[in-house]
>>> print(open('run-v7.cif').read())   # mmCIF, C-alpha atoms and all ligand atoms
data_final
loop_
_atom_site.label_atom_id
_atom_site.label_comp_id
_atom_site.auth_asym_id
_atom_site.auth_seq_id
_atom_site.Cartn_x
_atom_site.Cartn_y
_atom_site.Cartn_z
CA MET A 1 79.50 91.51 42.39
CA ASN A 2 80.06 89.24 45.42
CA HIS A 3 80.48 91.09 48.71
CA ALA A 4 80.33 88.03 51.00
CA HIS A 5 83.99 88.46 51.98
CA LEU A 6 83.13 91.85 53.53
CA TYR A 7 80.66 90.35 56.02
CA SER A 8 81.54 90.65 59.68
CA PRO A 9 79.43 89.25 62.54
CA LEU A 10 80.10 92.57 64.29
CA SER A 11 78.85 95.91 63.07
CA PHE A 12 81.03 98.92 62.31
CA TRP A 13 79.81 100.40 65.63
CA GLU A 14 80.73 97.33 67.63
CA HIS A 15 84.18 97.30 66.07
CA GLN A 16 84.53 100.99 66.89
CA SER A 17 83.31 101.04 70.49
CA PHE A 18 83.24 97.57 72.06
CA LEU A 19 86.52 95.84 71.35
CA LYS A 20 89.46 98.02 72.45
CA TYR A 21 90.41 98.86 76.04
CA ASP A 22 93.37 100.11 78.00
CA TYR A 23 93.11 97.12 80.34
CA VAL A 24 91.37 93.77 80.06
CA ILE A 25 91.05 91.62 83.16
CA VAL A 26 90.25 87.92 82.85
CA GLY A 27 88.17 86.63 85.79
CA SER A 28 85.66 88.55 87.91
CA GLY A 29 86.42 87.03 91.31
CA ILE A 30 87.60 89.20 94.21
CA VAL A 31 91.08 89.52 92.65
CA GLY A 32 89.88 90.51 89.16
CA LEU A 33 87.44 93.09 90.51
CA SER A 34 90.00 94.45 92.99
CA THR A 35 92.51 94.79 90.14
CA ALA A 36 89.90 96.79 88.20
CA ALA A 37 89.09 98.93 91.27
CA HIS A 38 92.76 99.78 91.83
CA LEU A 39 93.40 100.61 88.15
CA LYS A 40 90.48 103.06 88.32
CA GLU A 41 91.85 104.54 91.56
CA ILE A 42 95.14 105.21 89.75
CA ASN A 43 93.56 106.56 86.57
CA ARG A 44 89.81 107.11 86.49
CA LYS A 45 89.90 107.69 82.74
CA ALA A 46 91.38 104.27 81.94
CA THR A 47 89.03 102.05 79.94
CA ILE A 48 88.69 98.67 81.60
CA LEU A 49 86.93 95.47 80.56
CA VAL A 50 86.48 92.43 82.83
CA LEU A 51 85.78 89.13 81.04
CA GLU A 52 84.07 86.40 83.06
CA ARG A 53 83.12 83.00 81.72
CA GLY A 54 80.43 82.31 84.32
CA ILE A 55 77.01 83.92 84.69
CA PHE A 56 78.36 84.93 88.12
CA PRO A 57 81.99 84.80 89.18
CA THR A 58 82.43 81.00 89.20
CA GLY A 59 85.43 79.84 91.19
CA ALA A 60 85.88 80.61 94.88
CA SER A 61 84.84 84.22 95.49
CA THR A 62 81.07 83.61 95.62
CA LYS A 63 81.41 80.13 97.14
CA ASN A 64 83.56 80.71 100.21
CA ALA A 65 82.88 80.63 103.94
CA GLY A 66 83.37 84.37 104.46
CA PHE A 67 85.99 84.21 107.21
CA ALA A 68 87.75 87.57 107.40
CA CYS A 69 90.67 85.85 109.09
CA ILE A 70 94.32 86.54 109.75
CA GLY A 71 95.10 82.89 110.55
CA SER A 72 94.53 80.63 113.54
CA PRO A 73 97.42 79.92 115.98
CA SER A 74 98.05 76.42 114.56
CA GLU A 75 97.95 77.77 110.99
CA VAL A 76 100.47 80.50 111.84
CA LEU A 77 102.76 77.96 113.54
CA SER A 78 102.59 75.75 110.47
CA ASP A 79 103.33 78.79 108.24
CA ILE A 80 106.39 79.64 110.37
CA ASN A 81 107.57 76.05 109.87
CA LEU A 82 107.03 76.32 106.13
CA MET A 83 108.34 79.79 105.32
CA GLY A 84 110.07 81.16 108.43
CA GLU A 85 108.95 83.85 110.91
CA GLU A 86 109.46 86.88 108.71
CA LYS A 87 107.48 85.64 105.71
CA ALA A 88 104.75 84.14 107.89
CA PHE A 89 104.16 87.52 109.57
CA GLN A 90 104.37 89.34 106.22
CA LEU A 91 101.46 87.14 105.18
CA ILE A 92 99.50 88.11 108.32
CA GLN A 93 100.24 91.76 107.57
CA LYS A 94 98.89 91.26 104.05
CA ARG A 95 95.71 89.73 105.48
CA ILE A 96 95.26 92.66 107.88
CA ASN A 97 95.90 95.22 105.11
CA GLY A 98 93.70 93.35 102.64
CA LEU A 99 90.74 93.32 105.01
CA ALA A 100 91.25 97.01 105.81
CA LEU A 101 91.20 97.82 102.08
CA LEU A 102 88.08 95.73 101.54
CA LYS A 103 86.35 97.60 104.38
CA LYS A 104 87.48 100.96 103.00
CA ARG A 105 86.07 100.17 99.55
CA LEU A 106 82.84 98.43 100.51
CA GLY A 107 81.99 99.71 103.98
CA ASN A 108 81.05 97.98 107.20
CA ASP A 109 77.81 96.34 106.22
CA ILE A 110 79.46 93.38 104.45
CA PHE A 111 80.72 92.30 107.90
CA SER A 112 78.58 90.53 110.51
CA LYS A 113 76.90 92.83 112.99
CA GLY A 114 78.29 92.80 116.54
CA ASN A 115 81.54 91.11 115.53
CA ALA A 116 81.74 87.86 117.52
CA GLY A 117 85.38 87.27 116.55
CA GLY A 118 87.11 84.01 115.77
CA TYR A 119 88.33 81.04 117.78
CA GLU A 120 90.54 78.02 117.43
CA LEU A 121 89.23 74.93 119.20
CA LEU A 122 91.91 72.49 120.34
CA SER A 123 91.47 68.76 120.80
CA ASP A 124 94.02 66.49 122.54
CA LYS A 125 96.29 66.40 119.50
CA GLU A 126 96.76 70.17 119.22
CA MET A 127 97.71 70.91 122.82
CA TYR A 128 101.20 71.94 121.65
CA VAL A 129 99.59 75.21 120.48
CA LEU A 130 98.95 76.38 124.06
CA ASP A 131 102.67 76.75 124.85
CA LYS A 132 103.16 78.94 121.78
CA ILE A 133 100.52 81.64 122.29
CA SER A 134 102.73 84.15 124.11
CA TYR A 135 105.57 83.51 121.61
CA LEU A 136 103.18 84.24 118.71
CA ASN A 137 101.87 87.42 120.33
CA GLN A 138 105.35 88.68 121.13
CA THR A 139 106.65 87.91 117.64
CA ALA A 140 103.63 89.65 116.14
CA LYS A 141 104.57 92.83 118.04
CA ASN A 142 108.03 92.72 116.45
CA HIS A 143 106.81 92.13 112.91
CA LEU A 144 103.42 93.81 112.43
CA THR A 145 102.87 97.51 111.95
CA ASN A 146 99.67 99.37 112.89
CA ASN A 147 98.43 96.42 114.87
CA LYS A 148 97.80 97.32 118.46
CA LYS A 149 95.48 94.43 119.31
CA GLU A 150 96.80 91.11 120.55
CA LEU A 151 96.58 88.39 117.88
CA PHE A 152 95.51 85.51 120.13
CA LYS A 153 94.03 85.24 123.63
CA TYR A 154 94.02 82.12 125.76
CA ILE A 155 90.62 81.57 127.41
CA LYS A 156 90.76 79.75 130.74
CA PRO A 157 88.75 76.47 130.79
CA THR A 158 87.24 77.55 134.13
CA LEU A 159 85.20 80.15 132.20
CA GLY A 160 83.34 77.24 130.62
CA TYR A 161 83.22 78.71 127.08
CA ILE A 162 83.27 75.34 125.33
CA SER A 163 80.26 73.92 127.16
CA LYS A 164 78.37 77.27 127.08
CA MET A 165 78.72 77.22 123.30
CA GLY A 166 77.25 73.72 123.29
CA PHE A 167 80.29 71.89 121.89
CA SER A 168 81.26 68.36 122.98
CA ASN A 169 84.28 67.59 125.15
CA TYR A 170 86.20 66.54 122.02
CA PHE A 171 87.40 70.13 122.29
CA LYS A 172 89.62 70.66 125.33
CA GLU A 173 90.76 74.28 124.97
CA ILE A 174 89.70 77.41 123.13
CA ILE A 175 91.80 80.35 121.94
CA SER A 176 90.21 83.60 120.90
CA ILE A 177 91.26 85.46 117.71
CA PRO A 178 89.73 88.89 118.49
CA GLN A 179 90.57 90.52 115.14
CA GLU A 180 88.73 87.92 113.11
CA ASN A 181 85.31 88.74 111.68
CA SER A 182 82.85 87.17 109.30
CA ILE A 183 81.63 88.47 105.99
CA ASN A 184 78.45 87.97 104.02
CA THR A 185 80.14 86.62 100.90
CA GLY A 186 77.25 87.28 98.52
CA LYS A 187 76.88 90.88 99.70
CA MET A 188 80.64 91.45 99.42
CA MET A 189 80.82 90.28 95.80
CA GLN A 190 77.64 92.13 94.78
CA LYS A 191 78.97 95.34 96.32
CA LEU A 192 82.39 94.92 94.74
CA LEU A 193 80.80 94.36 91.33
CA LEU A 194 78.63 97.46 91.71
CA HIS A 195 81.61 99.42 93.02
CA VAL A 196 83.66 98.83 89.85
CA GLN A 197 80.68 99.25 87.53
CA LYS A 198 79.98 102.65 89.11
CA GLN A 199 83.54 103.63 88.20
CA GLY A 200 82.80 102.77 84.56
CA VAL A 201 84.36 99.31 84.41
CA VAL A 202 82.60 97.08 81.84
CA VAL A 203 81.96 93.51 83.02
CA LEU A 204 80.95 90.91 80.44
CA ASN A 205 79.70 87.55 81.65
CA ASN A 206 79.41 84.29 79.75
CA THR A 207 82.60 85.29 77.97
CA GLU A 208 85.37 82.73 78.12
CA VAL A 209 88.84 83.75 77.07
CA GLU A 210 90.32 80.93 75.03
CA GLU A 211 93.64 82.35 73.91
CA ILE A 212 95.82 85.36 74.75
CA LYS A 213 98.64 86.72 72.63
CA ASP A 214 101.02 89.48 73.63
CA LEU A 215 101.87 91.19 70.32
CA ASN A 216 104.26 93.67 72.01
CA SER A 217 102.32 96.84 71.15
CA LYS A 218 98.98 95.28 72.22
CA VAL A 219 97.43 92.08 73.53
CA HIS A 220 94.80 90.05 71.65
CA LEU A 221 92.23 87.95 73.51
CA LYS A 222 90.24 85.33 71.60
CA ILE A 223 86.79 84.49 72.96
CA LYS A 224 85.15 81.07 73.01
CA ASN A 225 81.49 81.63 72.23
CA ASN A 226 79.28 80.16 69.55
CA PHE A 227 76.46 82.68 69.61
CA GLN A 228 76.15 84.47 66.24
CA ASN A 229 79.65 83.39 65.21
CA ALA A 230 81.06 85.34 68.10
CA GLN A 231 84.05 83.00 68.19
CA ASN A 232 85.54 85.45 65.73
CA ILE A 233 85.64 88.20 68.34
CA HIS A 234 89.06 89.33 69.45
CA PHE A 235 89.30 91.90 72.21
CA GLU A 236 92.32 94.15 72.23
CA ALA A 237 94.05 95.74 75.21
CA SER A 238 97.24 97.58 75.99
CA LYS A 239 97.64 95.48 79.12
CA VAL A 240 95.98 92.34 80.48
CA ALA A 241 95.62 90.92 84.01
CA ILE A 242 94.94 87.22 84.46
CA CYS A 243 92.91 86.69 87.64
CA THR A 244 91.66 83.17 87.14
CA ASN A 245 93.17 81.61 90.28
CA ALA A 246 92.83 77.79 90.14
CA PHE A 247 91.93 77.90 86.44
CA ALA A 248 95.10 79.71 85.33
CA PRO A 249 96.85 76.45 84.26
CA GLU A 250 94.10 75.97 81.62
CA MET A 251 95.65 78.92 79.77
CA PHE A 252 99.30 78.89 80.89
CA SER A 253 101.35 75.73 81.27
CA GLY A 254 104.13 75.31 83.81
CA LEU A 255 102.47 77.18 86.70
CA ASN A 256 102.99 75.71 90.17
CA ILE A 257 99.26 75.62 91.02
CA ASN A 258 97.16 72.77 92.41
CA ALA A 259 93.39 73.07 92.43
CA GLY A 260 91.79 72.32 95.79
CA ARG A 261 88.05 71.87 96.00
CA GLY A 262 86.33 73.07 99.16
CA GLN A 263 83.01 71.48 100.17
CA VAL A 264 80.58 73.29 102.44
CA LEU A 265 77.18 72.73 104.03
CA ILE A 266 74.71 75.07 105.68
CA THR A 267 71.92 74.13 108.08
CA LYS A 268 68.35 75.37 108.14
CA PRO A 269 67.73 77.97 110.88
CA ILE A 270 68.25 76.51 114.37
CA LYS A 271 66.37 77.91 117.35
CA ASN A 272 68.59 79.25 120.15
CA LEU A 273 71.87 78.48 118.44
CA PRO A 274 74.29 78.66 121.40
CA PHE A 275 77.33 80.19 119.67
CA ARG A 276 78.36 83.14 117.53
CA GLY A 277 81.57 83.67 115.58
CA ASN A 278 84.05 81.78 113.41
CA PHE A 279 85.67 78.55 114.56
CA HIS A 280 88.68 76.61 113.27
CA PHE A 281 89.72 73.12 114.35
CA ASP A 282 91.91 70.16 113.36
CA GLU A 283 94.74 72.54 112.36
CA GLY A 284 92.41 74.53 110.10
CA TYR A 285 91.17 71.55 108.07
CA TYR A 286 87.66 72.24 109.41
CA TYR A 287 85.92 75.56 109.91
CA PHE A 288 82.41 76.60 110.94
CA ARG A 289 80.54 79.80 111.77
CA ASP A 290 77.08 81.08 112.52
CA VAL A 291 75.24 82.79 109.68
CA ASP A 292 72.90 85.54 110.89
CA GLY A 293 72.94 83.97 114.36
CA GLU A 294 70.63 81.14 113.28
CA ARG A 295 72.37 78.83 110.82
CA VAL A 296 75.65 76.91 110.90
CA LEU A 297 77.94 76.98 107.87
CA PHE A 298 80.47 74.15 108.07
CA GLY A 299 83.23 73.28 105.60
CA GLY A 300 86.54 71.53 105.15
CA GLY A 301 87.70 67.94 105.22
CA ARG A 302 89.93 68.23 102.15
CA ASN A 303 92.52 66.24 104.10
CA LEU A 304 90.20 63.20 103.90
CA ASP A 305 90.88 62.94 100.17
CA PHE A 306 93.64 65.30 98.97
CA LYS A 307 93.91 63.45 95.65
CA GLY A 308 90.18 63.45 94.90
CA GLU A 309 89.84 67.11 95.90
CA ASN A 310 92.67 68.18 93.58
CA THR A 311 90.10 69.03 90.92
CA THR A 312 88.37 71.97 89.24
CA THR A 313 85.05 70.07 89.04
CA PHE A 314 82.23 71.68 91.03
CA ALA A 315 80.62 68.84 93.00
CA THR A 316 80.32 67.46 96.51
CA THR A 317 81.18 63.90 97.58
CA ASP A 318 79.45 61.63 100.11
CA LYS A 319 82.81 60.91 101.72
CA ILE A 320 83.34 64.53 102.77
CA ILE A 321 79.75 65.68 103.30
CA ASN A 322 78.99 62.60 105.46
CA GLU A 323 82.04 63.39 107.60
CA LEU A 324 80.94 67.02 107.97
CA VAL A 325 77.44 65.91 109.03
CA GLU A 326 78.93 63.41 111.49
CA LYS A 327 81.20 66.02 113.08
CA LEU A 328 78.36 68.53 113.18
CA SER A 329 76.07 66.15 115.06
CA THR A 330 78.65 64.69 117.43
CA ILE A 331 81.01 67.52 118.36
CA ILE A 332 79.59 70.88 117.21
CA LEU A 333 75.85 70.51 117.83
CA PRO A 334 75.74 67.39 120.05
CA ASN A 335 72.65 68.49 121.93
CA GLN A 336 70.67 69.93 119.07
CA THR A 337 68.54 68.63 116.24
CA PHE A 338 69.23 70.23 112.88
CA GLU A 339 68.56 69.81 109.19
CA ILE A 340 70.94 70.50 106.32
CA ALA A 341 69.55 73.16 103.97
CA GLN A 342 72.10 72.68 101.17
CA THR A 343 75.65 71.81 100.26
CA TRP A 344 77.96 73.31 97.63
CA ALA A 345 81.58 73.43 96.48
CA GLY A 346 84.10 76.02 95.31
CA ILE A 347 87.55 75.73 93.79
CA MET A 348 90.69 77.11 95.44
CA ALA A 349 94.31 77.20 94.25
CA PHE A 350 97.34 76.12 96.28
CA ASN A 351 101.10 75.93 95.80
CA THR A 352 103.89 74.45 97.86
CA GLY A 353 105.20 77.76 99.23
CA LYS A 354 101.71 79.09 100.17
CA THR A 355 102.61 82.24 98.22
CA PRO A 356 100.29 83.85 95.63
CA ILE A 357 101.73 84.24 92.14
CA VAL A 358 101.89 87.94 91.25
CA ARG A 359 104.23 88.60 88.36
CA LEU A 360 104.51 89.62 84.74
CA HIS A 361 104.05 86.69 82.40
CA THR A 362 105.04 88.79 79.36
CA PRO A 363 105.68 92.57 79.24
CA ASN A 364 101.94 93.28 78.81
CA ILE A 365 100.33 90.39 80.69
CA ALA A 366 100.33 90.11 84.50
CA LEU A 367 99.30 87.14 86.59
CA GLY A 368 97.51 87.58 89.95
CA VAL A 369 96.61 84.00 90.83
CA CYS A 370 96.95 81.15 93.36
CA LEU A 371 95.45 82.69 96.49
CA ASN A 372 96.06 79.61 98.67
CA GLY A 373 92.60 79.67 100.24
CA MET A 374 93.00 83.15 101.76
CA GLY A 375 91.43 85.31 99.05
CA VAL A 376 88.75 87.01 101.15
CA ALA A 377 91.54 88.39 103.31
CA ILE A 378 94.31 89.05 100.77
CA GLY A 379 92.32 89.33 97.50
CA SER A 380 92.10 93.15 97.62
CA ILE A 381 95.86 93.50 98.11
CA ILE A 382 96.69 90.91 95.44
CA GLY A 383 94.46 92.90 93.05
CA GLN A 384 96.37 96.06 93.95
CA GLU A 385 99.75 94.38 93.40
CA THR A 386 98.60 92.90 90.07
CA ALA A 387 97.35 96.28 88.87
CA ASP A 388 100.60 97.97 89.93
CA LEU A 389 102.56 95.60 87.67
CA LEU A 390 100.69 96.97 84.66
CA VAL A 391 100.94 100.72 85.20
C1 LIG B 401 84.63 76.59 100.18
C2 LIG B 401 85.60 77.73 100.26
C3 LIG B 401 85.76 78.41 101.46
C4 LIG B 401 86.65 79.50 101.53
N1 LIG B 401 86.69 80.24 102.68
C5 LIG B 401 87.49 81.31 102.74
C6 LIG B 401 87.50 82.12 103.88
O1 LIG B 401 86.71 81.88 104.80
N2 LIG B 401 88.36 83.17 103.96
C7 LIG B 401 89.23 83.45 102.93
O2 LIG B 401 90.02 84.39 103.05
N3 LIG B 401 89.21 82.73 101.79
C8 LIG B 401 88.37 81.66 101.67
N4 LIG B 401 88.34 80.91 100.55
C9 LIG B 401 89.26 81.26 99.46
C10 LIG B 401 88.79 82.46 98.62
O3 LIG B 401 87.43 82.34 98.32
C11 LIG B 401 89.64 82.52 97.34
O4 LIG B 401 91.01 82.56 97.70
C12 LIG B 401 89.31 83.72 96.50
O5 LIG B 401 87.93 83.83 96.28
C13 LIG B 401 90.03 83.64 95.16
O6 LIG B 401 89.60 84.72 94.38
P1 LIG B 401 90.05 84.86 92.86
O7 LIG B 401 89.44 86.08 92.34
O8 LIG B 401 91.53 84.71 92.78
O9 LIG B 401 89.49 83.55 92.15
P2 LIG B 401 88.00 83.12 91.75
O10 LIG B 401 87.01 83.62 92.70
O11 LIG B 401 88.06 81.63 91.55
O12 LIG B 401 87.77 83.85 90.38
C14 LIG B 401 88.35 83.41 89.17
C15 LIG B 401 87.34 83.71 88.08
O13 LIG B 401 87.95 83.47 86.81
C16 LIG B 401 86.93 83.01 85.94
N5 LIG B 401 87.60 82.35 84.80
C17 LIG B 401 88.38 81.25 84.82
N6 LIG B 401 88.84 80.98 83.59
C18 LIG B 401 88.34 81.93 82.76
C19 LIG B 401 88.46 82.19 81.35
N7 LIG B 401 89.19 81.41 80.54
N8 LIG B 401 87.80 83.26 80.82
C20 LIG B 401 87.04 84.08 81.62
N9 LIG B 401 86.90 83.87 82.95
C21 LIG B 401 87.54 82.81 83.52
C22 LIG B 401 86.14 82.04 86.80
O14 LIG B 401 84.85 81.81 86.26
C23 LIG B 401 86.12 82.80 88.14
O15 LIG B 401 84.96 83.60 88.29
C24 LIG B 401 87.45 79.85 100.41
C25 LIG B 401 87.28 79.16 99.21
C26 LIG B 401 86.37 78.11 99.12
C27 LIG B 401 86.20 77.40 97.82
#
>>> encode(input="run-v7.cif", output="structure tokens", more="lines below")
Ligand SMILES: Cc1cc2nc3c(=O)[nH]c(=O)nc-3n(C[C@H](O)[C@H](O)[C@H](O)COP(=O)(O)OP(=O)(O)OC[C@H]3O[C@@H](n4cnc5c(N)ncnc54)[C@H](O)[C@@H]3O)c2cc1C
Amino acid sequence: MNHAHLYSPLSFWEHQSFLKYDYVIVGSGIVGLSTAAHLKEINRKATILVLERGIFPTGASTKNAGFACIGSPSEVLSDINLMGEEKAFQLIQKRINGLALLKKRLGNDIFSKGNAGGYELLSDKEMYVLDKISYLNQTAKNHLTNNKKELFKYIKPTLGYISKMGFSNYFKEIISIPQENSINTGKMMQKLLLHVQKQGVVVLNNTEVEEIKDLNSKVHLKIKNNFQNAQNIHFEASKVAICTNAFAPEMFSGLNINAGRGQVLITKPIKNLPFRGNFHFDEGYYYFRDVDGERVLFGGGRNLDFKGENTTTFATTDKIINELVEKLSTIILPNQTFEIAQTWAGIMAFNTGKTPIVRLHTPNIALGVCLNGMGVAIGSIIGQETADLLV
């Protein structure tokens, strides 16, 4: 008798215990893991599987600059222009709440010691920001709850901050953002991963979801994997969260999402680095910070080539890295020799309204994607909102 038709690449045990979950989450970035964390907070008995196609999370969450930021003055002004006062301050509130939730879950030690805060550096072309500082602070008081600290503080040039920090006179004024902090990105993601695993969440890496079907009573997820015929594996869940940010259009057409690559460099340790903290300039297109008080992390420059950087390919380009090196040597570290230790890139997701997409795609599939480059700050809250759609 021929029994070949009974063969399955999976054993009886695997079928019984490994394939069915209450919730499956696609993507193990900050949003996917925060969605898992919140689902467990609601129901610790829920069975949850996170599927990740990379060996690590491979998008933006392990590649970013680690600015725990609520927005620089010029960014907030541009947001008010784009979406109006109310929505712009709702976004700031979300950033404040998101960072508070991240701190509550993971503790203080993901943040830099002795918080040096954040700053916006203004060159001649951003002087318009100075006239708006008191308006922004006043409006913040009207819109934000539980926020006693002032958002922005003007620092008088007579205090000599810019020259004490070693910057060139390209920068004319400096505004402090006292609530801003920096995060060790690697530590944050490691801790978040361990946090959900301790709650019993299963995370499978190297597992790419190729197709998702909502069958009304359950959702089927087909995996792309050639090892031991594993392409035949279908996971099954009652509910599914899609947390694939810039990569969501690969699975779902018609989403208003544009990929935006971010390129970054980091220096080797520099003796007596004269500044601490996070810095934004050129209306947020460039950002730099100290790492452990001895290195400079510097990123941005997407505005040099918006078209070329509208990509999900992980790579750096000479055009942008050369510009970063030039700016580093002429205006950030003009009096210092330094060497670049390495460069890298991550992929963000943007849309025209600068508003994350959090909604049901079908009755059993929720989307929590398009973080608009603010995921360190709002990722925890977006995870919470995505999870809430499913329960
Ligand atoms: C260079 C850079 C600097 C940044 N700096 C800051 C900052 O200072 N402050 C800030 O707030 N934000 C910053 N961001 C933005 C922030 O990192 C992102 O908004 C955030 O990480 C997005 O998280 P996510 O979980 O939505 O997406 P991601 O981290 O991209 O996670 C999506 C995951 O989905 C996985 N995936 C995709 N498709 C599939 C599939 N078919 N099957 C299985 N898995 C899949 C990917 O491998 C990936 O791991 C920066 C981003 C970059 C790139």
>>> closest_atom_pairs(input="run-v7.cif", of="chain A", to="ligand LIG 401 (chain B)", cutoff="6 Å", atoms="only C-alpha atoms and all ligand atoms", output="Markdown table")
| residue | atom | partner | partner_atom | distance |
| --- | --- | --- | --- | --- |
| A:Val26 | CA | B:LIG401 | C20 | 5.2 |
| A:Gly27 | CA | B:LIG401 | O13 | 3.3 |
| A:Ser28 | CA | B:LIG401 | O15 | 5.0 |
| A:Gly29 | CA | B:LIG401 | O7 | 3.3 |
| A:Ile30 | CA | B:LIG401 | O7 | 4.1 |
| A:Val31 | CA | B:LIG401 | O7 | 3.8 |
| A:Gly32 | CA | B:LIG401 | O7 | 5.5 |
| A:Leu51 | CA | B:LIG401 | C20 | 5.2 |
| A:Glu52 | CA | B:LIG401 | N9 | 3.8 |
| A:Arg53 | CA | B:LIG401 | C20 | 4.1 |
| A:Gly54 | CA | B:LIG401 | O14 | 4.9 |
| A:Pro57 | CA | B:LIG401 | O15 | 3.3 |
| A:Thr58 | CA | B:LIG401 | O15 | 3.7 |
| A:Gly59 | CA | B:LIG401 | O11 | 3.2 |
| A:Ala60 | CA | B:LIG401 | O10 | 3.9 |
| A:Ser61 | CA | B:LIG401 | O5 | 3.2 |
| A:Lys63 | CA | B:LIG401 | C27 | 5.6 |
| A:Asn64 | CA | B:LIG401 | C3 | 3.4 |
| A:Ala65 | CA | B:LIG401 | N1 | 4.0 |
| A:Gly66 | CA | B:LIG401 | O1 | 4.2 |
| A:Phe67 | CA | B:LIG401 | O1 | 3.4 |
| A:Ala68 | CA | B:LIG401 | N2 | 5.6 |
| A:Thr207 | CA | B:LIG401 | C20 | 5.9 |
| A:Glu208 | CA | B:LIG401 | N8 | 3.7 |
| A:Val209 | CA | B:LIG401 | N8 | 3.9 |
| A:Glu210 | CA | B:LIG401 | N7 | 5.6 |
| A:Cys243 | CA | B:LIG401 | O8 | 5.7 |
| A:Thr244 | CA | B:LIG401 | O13 | 3.7 |
| A:Asn245 | CA | B:LIG401 | O8 | 4.3 |
| A:Phe247 | CA | B:LIG401 | C17 | 5.1 |
| A:Gly262 | CA | B:LIG401 | C1 | 4.0 |
| A:Gln263 | CA | B:LIG401 | C1 | 5.4 |
| A:Val264 | CA | B:LIG401 | C1 | 5.7 |
| A:Ala345 | CA | B:LIG401 | C1 | 5.7 |
| A:Gly346 | CA | B:LIG401 | C27 | 3.6 |
| A:Ile347 | CA | B:LIG401 | C27 | 4.6 |
| A:Met348 | CA | B:LIG401 | C27 | 5.1 |
| A:Val369 | CA | B:LIG401 | O8 | 5.5 |
| A:Leu371 | CA | B:LIG401 | O4 | 4.6 |
| A:Asn372 | CA | B:LIG401 | O4 | 5.9 |
| A:Gly373 | CA | B:LIG401 | C9 | 3.8 |
| A:Met374 | CA | B:LIG401 | O2 | 3.5 |
| A:Gly375 | CA | B:LIG401 | O4 | 3.1 |
| A:Val376 | CA | B:LIG401 | O2 | 3.5 |
| A:Ala377 | CA | B:LIG401 | O2 | 4.3 |
>>> write_last_selection(input="run-v7.cif", atoms="C-alpha atoms", output="mmCIF file, in the frame of the given file")
data_model
loop_
_atom_site.group_PDB
_atom_site.id
_atom_site.type_symbol
_atom_site.label_atom_id
_atom_site.label_comp_id
_atom_site.auth_asym_id
_atom_site.auth_seq_id
_atom_site.Cartn_x
_atom_site.Cartn_y
_atom_site.Cartn_z
ATOM 1 C CA VAL A 26 90.250 87.920 82.850
ATOM 2 C CA GLY A 27 88.170 86.630 85.790
ATOM 3 C CA SER A 28 85.660 88.550 87.910
ATOM 4 C CA GLY A 29 86.420 87.030 91.310
ATOM 5 C CA ILE A 30 87.600 89.200 94.210
ATOM 6 C CA VAL A 31 91.080 89.520 92.650
ATOM 7 C CA GLY A 32 89.880 90.510 89.160
ATOM 8 C CA LEU A 51 85.780 89.130 81.040
ATOM 9 C CA GLU A 52 84.070 86.400 83.060
ATOM 10 C CA ARG A 53 83.120 83.000 81.720
ATOM 11 C CA GLY A 54 80.430 82.310 84.320
ATOM 12 C CA PRO A 57 81.990 84.800 89.180
ATOM 13 C CA THR A 58 82.430 81.000 89.200
ATOM 14 C CA GLY A 59 85.430 79.840 91.190
ATOM 15 C CA ALA A 60 85.880 80.610 94.880
ATOM 16 C CA SER A 61 84.840 84.220 95.490
ATOM 17 C CA LYS A 63 81.410 80.130 97.140
ATOM 18 C CA ASN A 64 83.560 80.710 100.210
ATOM 19 C CA ALA A 65 82.880 80.630 103.940
ATOM 20 C CA GLY A 66 83.370 84.370 104.460
ATOM 21 C CA PHE A 67 85.990 84.210 107.210
ATOM 22 C CA ALA A 68 87.750 87.570 107.400
ATOM 23 C CA THR A 207 82.600 85.290 77.970
ATOM 24 C CA GLU A 208 85.370 82.730 78.120
ATOM 25 C CA VAL A 209 88.840 83.750 77.070
ATOM 26 C CA GLU A 210 90.320 80.930 75.030
ATOM 27 C CA CYS A 243 92.910 86.690 87.640
ATOM 28 C CA THR A 244 91.660 83.170 87.140
ATOM 29 C CA ASN A 245 93.170 81.610 90.280
ATOM 30 C CA PHE A 247 91.930 77.900 86.440
ATOM 31 C CA GLY A 262 86.330 73.070 99.160
ATOM 32 C CA GLN A 263 83.010 71.480 100.170
ATOM 33 C CA VAL A 264 80.580 73.290 102.440
ATOM 34 C CA ALA A 345 81.580 73.430 96.480
ATOM 35 C CA GLY A 346 84.100 76.020 95.310
ATOM 36 C CA ILE A 347 87.550 75.730 93.790
ATOM 37 C CA MET A 348 90.690 77.110 95.440
ATOM 38 C CA VAL A 369 96.610 84.000 90.830
ATOM 39 C CA LEU A 371 95.450 82.690 96.490
ATOM 40 C CA ASN A 372 96.060 79.610 98.670
ATOM 41 C CA GLY A 373 92.600 79.670 100.240
ATOM 42 C CA MET A 374 93.000 83.150 101.760
ATOM 43 C CA GLY A 375 91.430 85.310 99.050
ATOM 44 C CA VAL A 376 88.750 87.010 101.150
ATOM 45 C CA ALA A 377 91.540 88.390 103.310
#
>>> residues_around(input="run-v7.cif", residues="Leu193 in chain A", least_positions_apart="5", cutoff="12 Å", atoms="only C-alpha atoms", output="PyMOL selection string")
chain A and resi 28-37+50+52+56-57+61-62+105-106+186-188+198-205
>>> atom_distance(input="run-v7.cif", atom1="CA of Leu10 in chain A", atom2="CA of His234 in chain A")
10.8 Å
>>> atom_distance(input="run-v7.cif", atom1="CA of Ala349 in chain A", atom2="CA of Cys370 in chain A")
4.8 Å
